[in-house]
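Everything on this sheet refers to the single structure shown next.
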Amino acid sequence: MVATLDINVDGLAEVLREVRKIEPELVRDIQRNMKQVGAPIVTTARGLMPTPAPLSNWSRWDNRGRSRAWTKKAKTSVKLKTNTGAPKAAKEIVILEVLATDGAAAIFENAGRHPDPSSRQGEAFIRNLENRWGESPRFLWPAVQQNMRHVRREVQDVIDNWLDDFEQRMDDL
């Protein structure tokens with residue numbers, strides 16, 4: 001199960017869909033502001049990731065011929081994503097999402113979530129990872145939790161300010 005932080009703003013998806021048609025710059029503004037709101041989450045998540053590697057043999061670990069070496073790419077792969085382009089039928093949008101795009105970082109975050117590893121090596125890998133770094137999730141969700149108060153408050157402020165700006169622009173038309 002993936003943990004999420006839901007902040008509901010009734011009608012925001014519909015408003016953004018319509019605003020995109022008449023004032024696309026306003027939509028880009030909310031995306032920029034949301035990334036600023038989420039920046040502390042990224043900083044915290046990167047700080048929770050181990051340096052150098054989570055396990056001593058990580059750089060030699062190989063899955064189906066693909067190397068999953070622990071590199072600085074694992075840390076820099078933690079990013080924020082905004083998506084204000086909700087499909088017409090969508091009642092909800094994901095306005096702020098934090099994710100790790102690197103395979104090694106995703107494995108570090110999620111290893112152990114599946115209840116039954118498919119091999120003894122997988123079982124040992126998960127056991128060693130959990131003994132050293134705790135159970136999954138290891139850095140993304142803990143980073144969200146540490147910044148939750150800030151994010152909730154700031155997201156609401158950004159949306160309120162954005163709506164005020166939108167109303168002002170509409171009054172000026």
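Going through the structure tokens in order, the chains are called A, B, and so on, while each chain numbers its residues from 1 and the ligands are numbered from 1 in the order shown.
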
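For Arg28 in chain A, the non-local neighbours within 12 Å, defined as residues at least 3 positions apart in the same chain or in other chains and counting only C-alpha atoms, are Leu16, Val19, Arg20, Glu23, Pro24, Glu25, Gln31, Arg32, Asn33, Met34, Lys35, Thr82, Asn83, Thr84, Gly85, Ile95 and Trp162 of chain A.
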
Find the spatial neighbours of Lys75 in chain A, counting only C-alpha atoms, within a cut-off of 9 Å - ignore same-chain residues fewer than 5 positions away - and output them as number ranges by chain. A: 45-47, 49-50, 100, 102, 105

Name the residues of range 14-85 of chain A that fall into alpha helix (DSSP H) according to DSSP on the backbone, using the chain letters and numbers of this document, as a PyMOL selection string. chain A and resi 14-22+24-48+72-76

Please dump the current selection as a compact mmCIF listing (two decimals), in the first residue's frame; keep N, CA and C atoms.
# COMPACT_ATOMS: atom_id res chain seq x y z
N GLU A 14 -11.80 21.46 -11.88
CA GLU A 14 -12.64 22.10 -12.89
C GLU A 14 -12.17 23.53 -13.16
N VAL A 15 -11.82 24.26 -12.10
CA VAL A 15 -11.35 25.63 -12.27
C VAL A 15 -10.06 25.66 -13.08
N LEU A 16 -9.12 24.79 -12.75
CA LEU A 16 -7.85 24.76 -13.48
C LEU A 16 -8.07 24.41 -14.95
N ARG A 17 -8.98 23.49 -15.22
CA ARG A 17 -9.27 23.09 -16.60
C ARG A 17 -9.78 24.30 -17.39
N GLU A 18 -10.66 25.08 -16.81
CA GLU A 18 -11.22 26.24 -17.50
C GLU A 18 -10.21 27.39 -17.60
N VAL A 19 -9.44 27.61 -16.53
CA VAL A 19 -8.46 28.69 -16.53
C VAL A 19 -7.39 28.44 -17.59
N ARG A 20 -7.03 27.19 -17.77
CA ARG A 20 -6.01 26.86 -18.78
C ARG A 20 -6.42 27.39 -20.15
N LYS A 21 -7.70 27.44 -20.43
CA LYS A 21 -8.19 27.90 -21.73
C LYS A 21 -8.02 29.41 -21.91
N ILE A 22 -8.17 30.18 -20.82
CA ILE A 22 -8.15 31.63 -20.97
C ILE A 22 -6.90 32.31 -20.41
N PRO A 24 -3.43 30.58 -19.43
CA PRO A 24 -2.51 29.47 -19.14
C PRO A 24 -1.36 29.84 -18.20
N GLU A 25 -0.97 31.10 -18.19
CA GLU A 25 0.12 31.52 -17.30
C GLU A 25 -0.27 31.35 -15.83
N LEU A 26 -1.53 31.55 -15.51
CA LEU A 26 -1.99 31.34 -14.13
C LEU A 26 -1.81 29.89 -13.69
N VAL A 27 -2.02 28.98 -14.60
CA VAL A 27 -1.85 27.56 -14.27
C VAL A 27 -0.36 27.26 -14.06
N ARG A 28 0.49 27.84 -14.88
CA ARG A 28 1.93 27.65 -14.68
C ARG A 28 2.39 28.25 -13.34
N ASP A 29 1.75 29.35 -12.94
CA ASP A 29 2.08 29.95 -11.64
C ASP A 29 1.80 28.98 -10.50
N ILE A 30 0.66 28.33 -10.53
CA ILE A 30 0.33 27.41 -9.43
C ILE A 30 1.28 26.22 -9.43
N GLN A 31 1.71 25.77 -10.61
CA GLN A 31 2.67 24.67 -10.67
C GLN A 31 4.01 25.09 -10.06
N ARG A 32 4.48 26.28 -10.40
CA ARG A 32 5.75 26.78 -9.83
C ARG A 32 5.64 26.91 -8.31
N ASN A 33 4.54 27.47 -7.86
CA ASN A 33 4.36 27.66 -6.42
C ASN A 33 4.28 26.33 -5.67
N MET A 34 3.63 25.35 -6.26
CA MET A 34 3.53 24.03 -5.61
C MET A 34 4.91 23.39 -5.50
N LYS A 35 5.74 23.57 -6.50
CA LYS A 35 7.09 23.01 -6.41
C LYS A 35 7.89 23.69 -5.31
N GLN A 36 7.68 24.97 -5.10
CA GLN A 36 8.34 25.66 -3.99
C GLN A 36 7.84 25.15 -2.64
N VAL A 37 6.55 24.89 -2.55
CA VAL A 37 5.96 24.35 -1.32
C VAL A 37 6.57 22.99 -1.00
N GLY A 38 6.76 22.16 -2.02
CA GLY A 38 7.25 20.81 -1.81
C GLY A 38 8.75 20.67 -1.69
N ALA A 39 9.49 21.74 -1.94
CA ALA A 39 10.96 21.66 -1.91
C ALA A 39 11.51 21.12 -0.58
N PRO A 40 10.96 21.50 0.57
CA PRO A 40 11.48 20.93 1.83
C PRO A 40 11.30 19.41 1.91
N ILE A 41 10.28 18.87 1.27
CA ILE A 41 10.09 17.42 1.26
C ILE A 41 11.24 16.76 0.52
N VAL A 42 11.60 17.31 -0.62
CA VAL A 42 12.70 16.76 -1.42
C VAL A 42 14.00 16.81 -0.62
N THR A 43 14.26 17.95 0.02
CA THR A 43 15.48 18.10 0.82
C THR A 43 15.52 17.07 1.94
N THR A 44 14.40 16.91 2.64
CA THR A 44 14.33 15.94 3.73
C THR A 44 14.51 14.52 3.21
N ALA A 45 13.83 14.18 2.12
CA ALA A 45 13.93 12.83 1.56
C ALA A 45 15.36 12.50 1.15
N ARG A 46 16.01 13.44 0.50
CA ARG A 46 17.41 13.21 0.10
C ARG A 46 18.30 13.04 1.32
N GLY A 47 17.99 13.77 2.39
CA GLY A 47 18.77 13.64 3.62
C GLY A 47 18.57 12.32 4.33
N LEU A 48 17.42 11.69 4.12
CA LEU A 48 17.14 10.39 4.74
C LEU A 48 17.76 9.22 3.98
N LYS A 72 25.05 8.80 -6.86
CA LYS A 72 24.41 10.07 -6.49
C LYS A 72 23.11 10.25 -7.26
N LYS A 73 22.94 9.50 -8.35
CA LYS A 73 21.70 9.59 -9.12
C LYS A 73 20.50 9.17 -8.27
N ALA A 74 20.70 8.27 -7.33
CA ALA A 74 19.60 7.85 -6.46
C ALA A 74 19.05 9.05 -5.70
N LYS A 75 19.94 9.87 -5.14
CA LYS A 75 19.49 11.04 -4.39
C LYS A 75 18.90 12.11 -5.30
N THR A 76 19.55 12.36 -6.41
CA THR A 76 19.05 13.42 -7.29
C THR A 76 17.78 13.02 -8.03

One number please: CA of Ala13 in chain A to CA of Gln146 in chain A, in Å, one decimal. 27.1 Å

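Of the residues listed (A:Glu123, A:Asp171, A:Glu92, A:Glu130), A:Glu130 shows the shortest atom-to-atom separation from Phe108 in chain A; distances use only C-alpha atoms.
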
Top pick for closest residue to His114 in chain A, considering A:Ile126, A:Leu140, A:Leu55, A:Met148 and counting only C-alpha atoms: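 Comparing A:Ile126, A:Leu140, A:Leu55, A:Met148 against His114 in chain A, the winner is A:Ile126.
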
Out of A:Gln121, A:Asn131, A:Ser136, A:Asn161, which residue has the shortest atom-to-atom distance to Ile107 in chain A when counting only C-alpha atoms?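 Using only C-alpha atoms, Ile107 in chain A sits closest to A:Ser136.
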
One number please: CA of Ala53 in chain A to CA of Thr71 in chain A, in Å, one decimal.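 That distance, rounded to one decimal, is 7.7 Å.
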
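The nearest approach to Trp133 in chain A among the residues A:Thr101, A:Gln168, A:Asn110, A:Ser77, with only C-alpha atoms taken into account, belongs to A:Asn110.
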
Fewer than 6 positions away in the same chain doesn't count, so skip those; otherwise give me all residues within 12 Å of Asn128 in chain A, counting only C-alpha atoms, as a ChimeraX atom specification. /A:54-58,108,111-112,121-122,134-135

Please, what distance in Å, to one decimal, runs between CA of Leu99 in chain A and CA of Asn147 in chain A?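 Going from CA of Leu99 in chain A over to CA of Asn147 in chain A, I get 15.1 Å.
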